[in-house]
Structure formats: C-alpha cells, structure tokens
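Heads up: the structure comes next, in structure tokens.
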Amino acid sequence: MRRLLFATLFLPLSLHAADTPAAMPLWPKGAPGSEARTAEAEKTEGSNVCNVHNPSITPFVPAADKASGTAVIICPGGGHSKLCLGHEGYALGEWFRDHGIAAFVLKYRLAREPGSTYTIQDHAMADARRAIRTVRSRAAEWHIQPDRIGILGFSAGGELAAFAAITNDPGSKESADPIEQQSSRPDFQGLIYPGTSGLFDAKKGMPPLFIAAGYSDRPDISEGMATLYLKYKAAGVKAEMHIFANAGHGFGYKPDAKPTAASRWPTRFTEWLTDSGLLKP
C-alpha cells in the first residue's frame, strides 16, 4: 500500500516531465567558466531546479501553421538560488505555444546557490544573452521573425530580462561560432515582479517594456516598478504597466488558478504585443 501511495503521489510530476520538451544546451562544449562541470546533474525538488552548470533552453514551439512569428525567452525566478520551473517556466511556455508564440524556458547558472562561484553579471547574464542569440540564429527553422524576439522574466529572472535590455551588442560577425554572430538585443522585454529595480536604467532606443506586479509586493517592486515606468516615459521608450491591487509576489502563471486580474496577465501581455506591432495573429 505504501509503495502504491508513493507512486500515486508522484504520478502528476512524472507525467509532466514526460510531456516537457528536451532541453537544448546553449554551448555544445560547455558554458564558458563551467566546462569542467558540464556533465554534473541538476538537482530537482518538485518543480524547482538547482545545481545548473550546463545552461539550456527548453523550446515550446508552435506548429508552422499556428506560428505567429513572435518568440519569447522565459527566465524563471527563484532568488538566484533555484529556478521555479513550474508556475514561472514550463506552464507559461505551454500557454505561449498554444497561442502561437514560440517560447524558450531558460535554465541559467545560479549566483546565490550555496557554494556557487557564479555571478549574475558574468554568468547568468551570459546565459540570457546566449539564449537570445541562439533563438535568433535558428529563427527560420522555428518560424520566427528575427526582429520579434523578446525576453520575459519573473523576480530574479526579471532582473536578467531587464539587464539584457540595458546592455547588449550586435554580435561579432568575425566569430567562427554562428550563434555569436547574432545580436543579443531583445526586441521587447517583460518584467514580472522583478527585484533590484533600483539598478535598472532607461535610455532612448531601448526595447519597449511590459510590467506586471502586485500592489502588496515589497516596496522595491510595488513602488520601484512605478519609478521604472517613469524612467522609460522620460526616455521616450514605450512602456505599459499593470499593478494588480489584490496580488503580491510570485503569482506567476498557473493554468488552474482562480480567475483574477493578476492570473490573466498573459492575456494583457499578448494584447500589448499586438498593440505594439510585435505580434501579428
């Protein structure tokens, strides 16, 4: 009986894992600075993952006849100590795919995991930029328009999305690696309750911005996002902001969530993409 109960308890997780597409490493020979640990296994606790040394993207790509041509890299949160791949990763990837948007869930290296030697700017950001370049390099294969590739992140992952929009480059045309020849600039950014908003800047010419956060979140988010919106407004960069009155931190996306304004933010996001000319259903 105990053995049967154990199997029953873990059946949904196993089924979900079987339905999830295979992850694609971002660097075939290992990420710079992590080559010696490439083969080290990730650690999984429920829908959370840590011990990431071989950064990857998991693709959720719609069929060619359903593809809108728009793509988004999803950066899960987890305080840079884990990746919350459930409500801030795979579930949203599936939702985007089902709505004609190609989605790629990023597993990036964790700077605040106990014992980590990684940093956000040197390693996690290298992973985020490499993900953008990778998707752009395979745009034709995945029925994506190379000028409609964005990045969206939750909490700690929102920091990566913001930094990717702030600092990027056009690629190195002389590189022997065709991926590194691609631009790392996202064409749009989605910041879903990101931390460290005081470090974010806004300059003319940056990618347009979508913000979603909860009124009851901590001040650097619930108030910081309003300040960031004003920075973008002053810089002349289009931005849209949703502060949900009855939400806090971590609402993410859950397909079985009670219908609320916050739970329907992906619909607001796709409406914003359409209004901005970045999504053409």
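Lettering and numbering for the structure tokens are positional, with chains as A, B, ... in the shown order, residues counted from 1 in each chain, and ligands counted from 1 in the shown order.
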Sel. of strand (DSSP E) residues, region 142-184 of chain A, as a list in words: Ile149, Gly150, Ile151, Leu152, Gly153 and Phe154 of chain A
What would the file look like if the residues just selected were written as a tab-separated table (two decimals), in the first residue's frame with N, CA, C and O atoms?
```
chain	number	residue	atom	x	y	z
A	149	ILE	N	11.87	38.94	-31.31
A	149	ILE	CA	12.35	38.02	-30.27
A	149	ILE	C	12.55	38.81	-28.99
A	149	ILE	O	13.36	39.74	-28.93
A	150	GLY	N	11.81	38.47	-27.94
A	150	GLY	CA	11.89	39.20	-26.69
A	150	GLY	C	12.31	38.33	-25.53
A	150	GLY	O	12.55	37.13	-25.68
A	151	ILE	N	12.39	38.95	-24.35
A	151	ILE	CA	12.76	38.23	-23.14
A	151	ILE	C	11.83	38.66	-22.02
A	151	ILE	O	11.47	39.84	-21.91
A	152	LEU	N	11.42	37.69	-21.21
A	152	LEU	CA	10.49	37.93	-20.11
A	152	LEU	C	11.01	37.19	-18.89
A	152	LEU	O	11.46	36.04	-19.00
A	153	GLY	N	10.96	37.84	-17.73
A	153	GLY	CA	11.45	37.18	-16.54
A	153	GLY	C	10.62	37.50	-15.31
A	153	GLY	O	9.99	38.55	-15.21
A	154	PHE	N	10.65	36.54	-14.39
A	154	PHE	CA	9.96	36.66	-13.11
A	154	PHE	C	10.97	36.90	-11.99
A	154	PHE	O	11.99	36.20	-11.92
```
Quick one: residues within 12 Å of region 109-114 of chain A, only C-alpha atoms, excluding same-chain residues fewer than 4 positions away - as a ChimeraX atom specification? /A:26,31-34,37-38,42-43,49-56,75-83,118-128,156-157,160
Taking C-alpha atoms for each residue, export the selection above as a PDB file, in the first residue's frame.
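As a result, out-v5.pdb now contains:
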```pdb
ATOM      1  CA  LEU A  26      23.367  26.695 -25.040  1.00  0.00           C
ATOM      2  CA  ALA A  31      29.404  27.217 -20.935  1.00  0.00           C
ATOM      3  CA  PRO A  32      32.473  29.438 -20.542  1.00  0.00           C
ATOM      4  CA  GLY A  33      33.690  29.063 -16.973  1.00  0.00           C
ATOM      5  CA  SER A  34      31.706  25.861 -16.391  1.00  0.00           C
ATOM      6  CA  ARG A  37      31.080  20.770 -14.569  1.00  0.00           C
ATOM      7  CA  THR A  38      29.063  20.348 -17.761  1.00  0.00           C
ATOM      8  CA  GLU A  42      20.948  19.170 -11.944  1.00  0.00           C
ATOM      9  CA  LYS A  43      19.055  18.772  -8.673  1.00  0.00           C
ATOM     10  CA  VAL A  49      15.764  23.028 -10.117  1.00  0.00           C
ATOM     11  CA  CYS A  50      19.218  23.996  -8.881  1.00  0.00           C
ATOM     12  CA  ASN A  51      22.853  22.974  -9.486  1.00  0.00           C
ATOM     13  CA  VAL A  52      22.720  24.255 -13.067  1.00  0.00           C
ATOM     14  CA  HIS A  53      26.139  24.090 -14.736  1.00  0.00           C
ATOM     15  CA  ASN A  54      25.079  23.360 -18.316  1.00  0.00           C
ATOM     16  CA  PRO A  55      22.685  26.241 -19.128  1.00  0.00           C
ATOM     17  CA  SER A  56      19.963  25.419 -21.631  1.00  0.00           C
ATOM     18  CA  CYS A  75      13.630  33.465 -17.307  1.00  0.00           C
ATOM     19  CA  PRO A  76      12.161  31.777 -14.184  1.00  0.00           C
ATOM     20  CA  GLY A  77      12.677  33.299 -10.752  1.00  0.00           C
ATOM     21  CA  GLY A  78      13.986  31.729  -7.567  1.00  0.00           C
ATOM     22  CA  GLY A  79      16.242  34.293  -5.936  1.00  0.00           C
ATOM     23  CA  HIS A  80      19.257  33.145  -7.985  1.00  0.00           C
ATOM     24  CA  SER A  81      19.419  30.074  -5.721  1.00  0.00           C
ATOM     25  CA  LYS A  82      16.931  27.901  -7.630  1.00  0.00           C
ATOM     26  CA  LEU A  83      14.743  28.015 -10.722  1.00  0.00           C
ATOM     27  CA  TYR A 118      28.974  32.282 -10.343  1.00  0.00           C
ATOM     28  CA  THR A 119      27.897  35.918 -10.562  1.00  0.00           C
ATOM     29  CA  ILE A 120      24.767  37.418 -12.050  1.00  0.00           C
ATOM     30  CA  GLN A 121      26.556  39.729 -14.479  1.00  0.00           C
ATOM     31  CA  ASP A 122      29.304  37.332 -15.605  1.00  0.00           C
ATOM     32  CA  HIS A 123      27.438  34.019 -15.797  1.00  0.00           C
ATOM     33  CA  ALA A 124      23.642  34.306 -15.549  1.00  0.00           C
ATOM     34  CA  MET A 125      23.679  37.231 -17.975  1.00  0.00           C
ATOM     35  CA  ALA A 126      25.981  35.362 -20.359  1.00  0.00           C
ATOM     36  CA  ASP A 127      23.345  32.610 -20.398  1.00  0.00           C
ATOM     37  CA  ALA A 128      20.499  35.060 -21.065  1.00  0.00           C
ATOM     38  CA  ALA A 156      15.254  37.155 -10.145  1.00  0.00           C
ATOM     39  CA  GLY A 157      14.673  36.187 -13.780  1.00  0.00           C
ATOM     40  CA  LEU A 160      18.082  39.163 -16.256  1.00  0.00           C
TER      41      LEU A 160
END
```
Env of Leu279 (chain A): 6 Å cut, atoms = only C-alpha atoms, seq-sep filter 3 positions within chain, self excluded. Answer as a list in words. Thr70, Leu273 and Thr274 of chain A
Would you list, as a PyMOL selection string, the residues of region 122-194 of chain A that end up in helix (DSSP H, G or I) under DSSP run on this structure's backbone? chain A and resi 122-137+156-166
So that I have them on file, write out the residues from the current selection with N, CA and C atoms, as an mmCIF file, in the first residue's frame.
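Listed below is the output, out-v7.cif:
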```cif
data_model
loop_
_atom_site.group_PDB
_atom_site.id
_atom_site.type_symbol
_atom_site.label_atom_id
_atom_site.label_comp_id
_atom_site.auth_asym_id
_atom_site.auth_seq_id
_atom_site.Cartn_x
_atom_site.Cartn_y
_atom_site.Cartn_z
ATOM 1 N N ASP A 122 28.338 38.071 -14.783
ATOM 2 C CA ASP A 122 29.304 37.332 -15.605
ATOM 3 C C ASP A 122 28.778 36.004 -16.127
ATOM 4 N N HIS A 123 27.862 35.362 -15.407
ATOM 5 C CA HIS A 123 27.438 34.019 -15.797
ATOM 6 C C HIS A 123 25.947 33.937 -16.152
ATOM 7 N N ALA A 124 25.074 34.351 -15.237
ATOM 8 C CA ALA A 124 23.642 34.306 -15.549
ATOM 9 C C ALA A 124 23.320 35.179 -16.757
ATOM 10 N N MET A 125 23.948 36.363 -16.828
ATOM 11 C CA MET A 125 23.679 37.231 -17.975
ATOM 12 C C MET A 125 24.285 36.685 -19.268
ATOM 13 N N ALA A 126 25.422 36.014 -19.166
ATOM 14 C CA ALA A 126 25.981 35.362 -20.359
ATOM 15 C C ALA A 126 25.002 34.324 -20.897
ATOM 16 N N ASP A 127 24.325 33.617 -19.993
ATOM 17 C CA ASP A 127 23.345 32.610 -20.398
ATOM 18 C C ASP A 127 22.139 33.261 -21.068
ATOM 19 N N ALA A 128 21.660 34.374 -20.496
ATOM 20 C CA ALA A 128 20.499 35.060 -21.065
ATOM 21 C C ALA A 128 20.815 35.592 -22.462
ATOM 22 N N ARG A 129 21.977 36.201 -22.617
ATOM 23 C CA ARG A 129 22.334 36.747 -23.929
ATOM 24 C C ARG A 129 22.563 35.630 -24.950
ATOM 25 N N ARG A 130 23.157 34.549 -24.495
ATOM 26 C CA ARG A 130 23.372 33.406 -25.406
ATOM 27 C C ARG A 130 22.028 32.820 -25.839
ATOM 28 N N ALA A 131 21.048 32.810 -24.952
ATOM 29 C CA ALA A 131 19.722 32.298 -25.313
ATOM 30 C C ALA A 131 19.101 33.147 -26.413
ATOM 31 N N ILE A 132 19.218 34.460 -26.305
ATOM 32 C CA ILE A 132 18.672 35.342 -27.340
ATOM 33 C C ILE A 132 19.375 35.093 -28.669
ATOM 34 N N ARG A 133 20.693 35.012 -28.628
ATOM 35 C CA ARG A 133 21.449 34.756 -29.854
ATOM 36 C C ARG A 133 21.058 33.411 -30.468
ATOM 37 N N THR A 134 20.898 32.385 -29.624
ATOM 38 C CA THR A 134 20.576 31.047 -30.124
ATOM 39 C C THR A 134 19.233 31.037 -30.842
ATOM 40 N N VAL A 135 18.232 31.632 -30.226
ATOM 41 C CA VAL A 135 16.903 31.671 -30.844
ATOM 42 C C VAL A 135 16.962 32.450 -32.154
ATOM 43 N N ARG A 136 17.670 33.554 -32.157
ATOM 44 C CA ARG A 136 17.769 34.353 -33.385
ATOM 45 C C ARG A 136 18.499 33.583 -34.488
ATOM 46 N N SER A 137 19.496 32.789 -34.114
ATOM 47 C CA SER A 137 20.254 32.037 -35.116
ATOM 48 C C SER A 137 19.422 30.934 -35.764
ATOM 49 N N ALA A 156 13.829 37.159 -9.791
ATOM 50 C CA ALA A 156 15.254 37.155 -10.145
ATOM 51 C C ALA A 156 15.444 37.052 -11.653
ATOM 52 N N GLY A 157 14.598 36.278 -12.325
ATOM 53 C CA GLY A 157 14.673 36.187 -13.780
ATOM 54 C C GLY A 157 14.308 37.493 -14.463
ATOM 55 N N GLY A 158 13.463 38.294 -13.789
ATOM 56 C CA GLY A 158 13.140 39.617 -14.312
ATOM 57 C C GLY A 158 14.349 40.529 -14.331
ATOM 58 N N GLU A 159 15.252 40.325 -13.368
ATOM 59 C CA GLU A 159 16.498 41.090 -13.381
ATOM 60 C C GLU A 159 17.280 40.792 -14.660
ATOM 61 N N LEU A 160 17.352 39.524 -15.033
ATOM 62 C CA LEU A 160 18.082 39.163 -16.256
ATOM 63 C C LEU A 160 17.433 39.795 -17.484
ATOM 64 N N ALA A 161 16.108 39.786 -17.531
ATOM 65 C CA ALA A 161 15.409 40.384 -18.671
ATOM 66 C C ALA A 161 15.715 41.873 -18.761
ATOM 67 N N ALA A 162 15.688 42.552 -17.620
ATOM 68 C CA ALA A 162 15.962 43.990 -17.620
ATOM 69 C C ALA A 162 17.399 44.283 -18.027
ATOM 70 N N PHE A 163 18.344 43.536 -17.473
ATOM 71 C CA PHE A 163 19.756 43.760 -17.817
ATOM 72 C C PHE A 163 20.033 43.458 -19.283
ATOM 73 N N ALA A 164 19.329 42.448 -19.843
ATOM 74 C CA ALA A 164 19.513 42.118 -21.265
ATOM 75 C C ALA A 164 19.071 43.270 -22.155
ATOM 76 N N ALA A 165 18.037 43.986 -21.731
ATOM 77 C CA ALA A 165 17.563 45.137 -22.494
ATOM 78 C C ALA A 165 18.486 46.341 -22.328
ATOM 79 N N ILE A 166 19.136 46.433 -21.167
ATOM 80 C CA ILE A 166 20.014 47.571 -20.884
ATOM 81 C C ILE A 166 21.349 47.442 -21.612
#
```
Residues of region 85-131 of chain A that approach region 242-266 of chain A to 7 Å or less, counting only C-alpha atoms: could you list each one with the shortest pair of atoms and its distance in Å to one decimal, rows by chain and increasing residue number, as a tab-separated table?
```
residue	atom	partner	partner_atom	distance
A:His87	CA	A:Tyr253	CA	5.0
A:Glu88	CA	A:Gly252	CA	5.3
A:Ala91	CA	A:Lys254	CA	6.7
A:Leu92	CA	A:Tyr253	CA	6.1
```
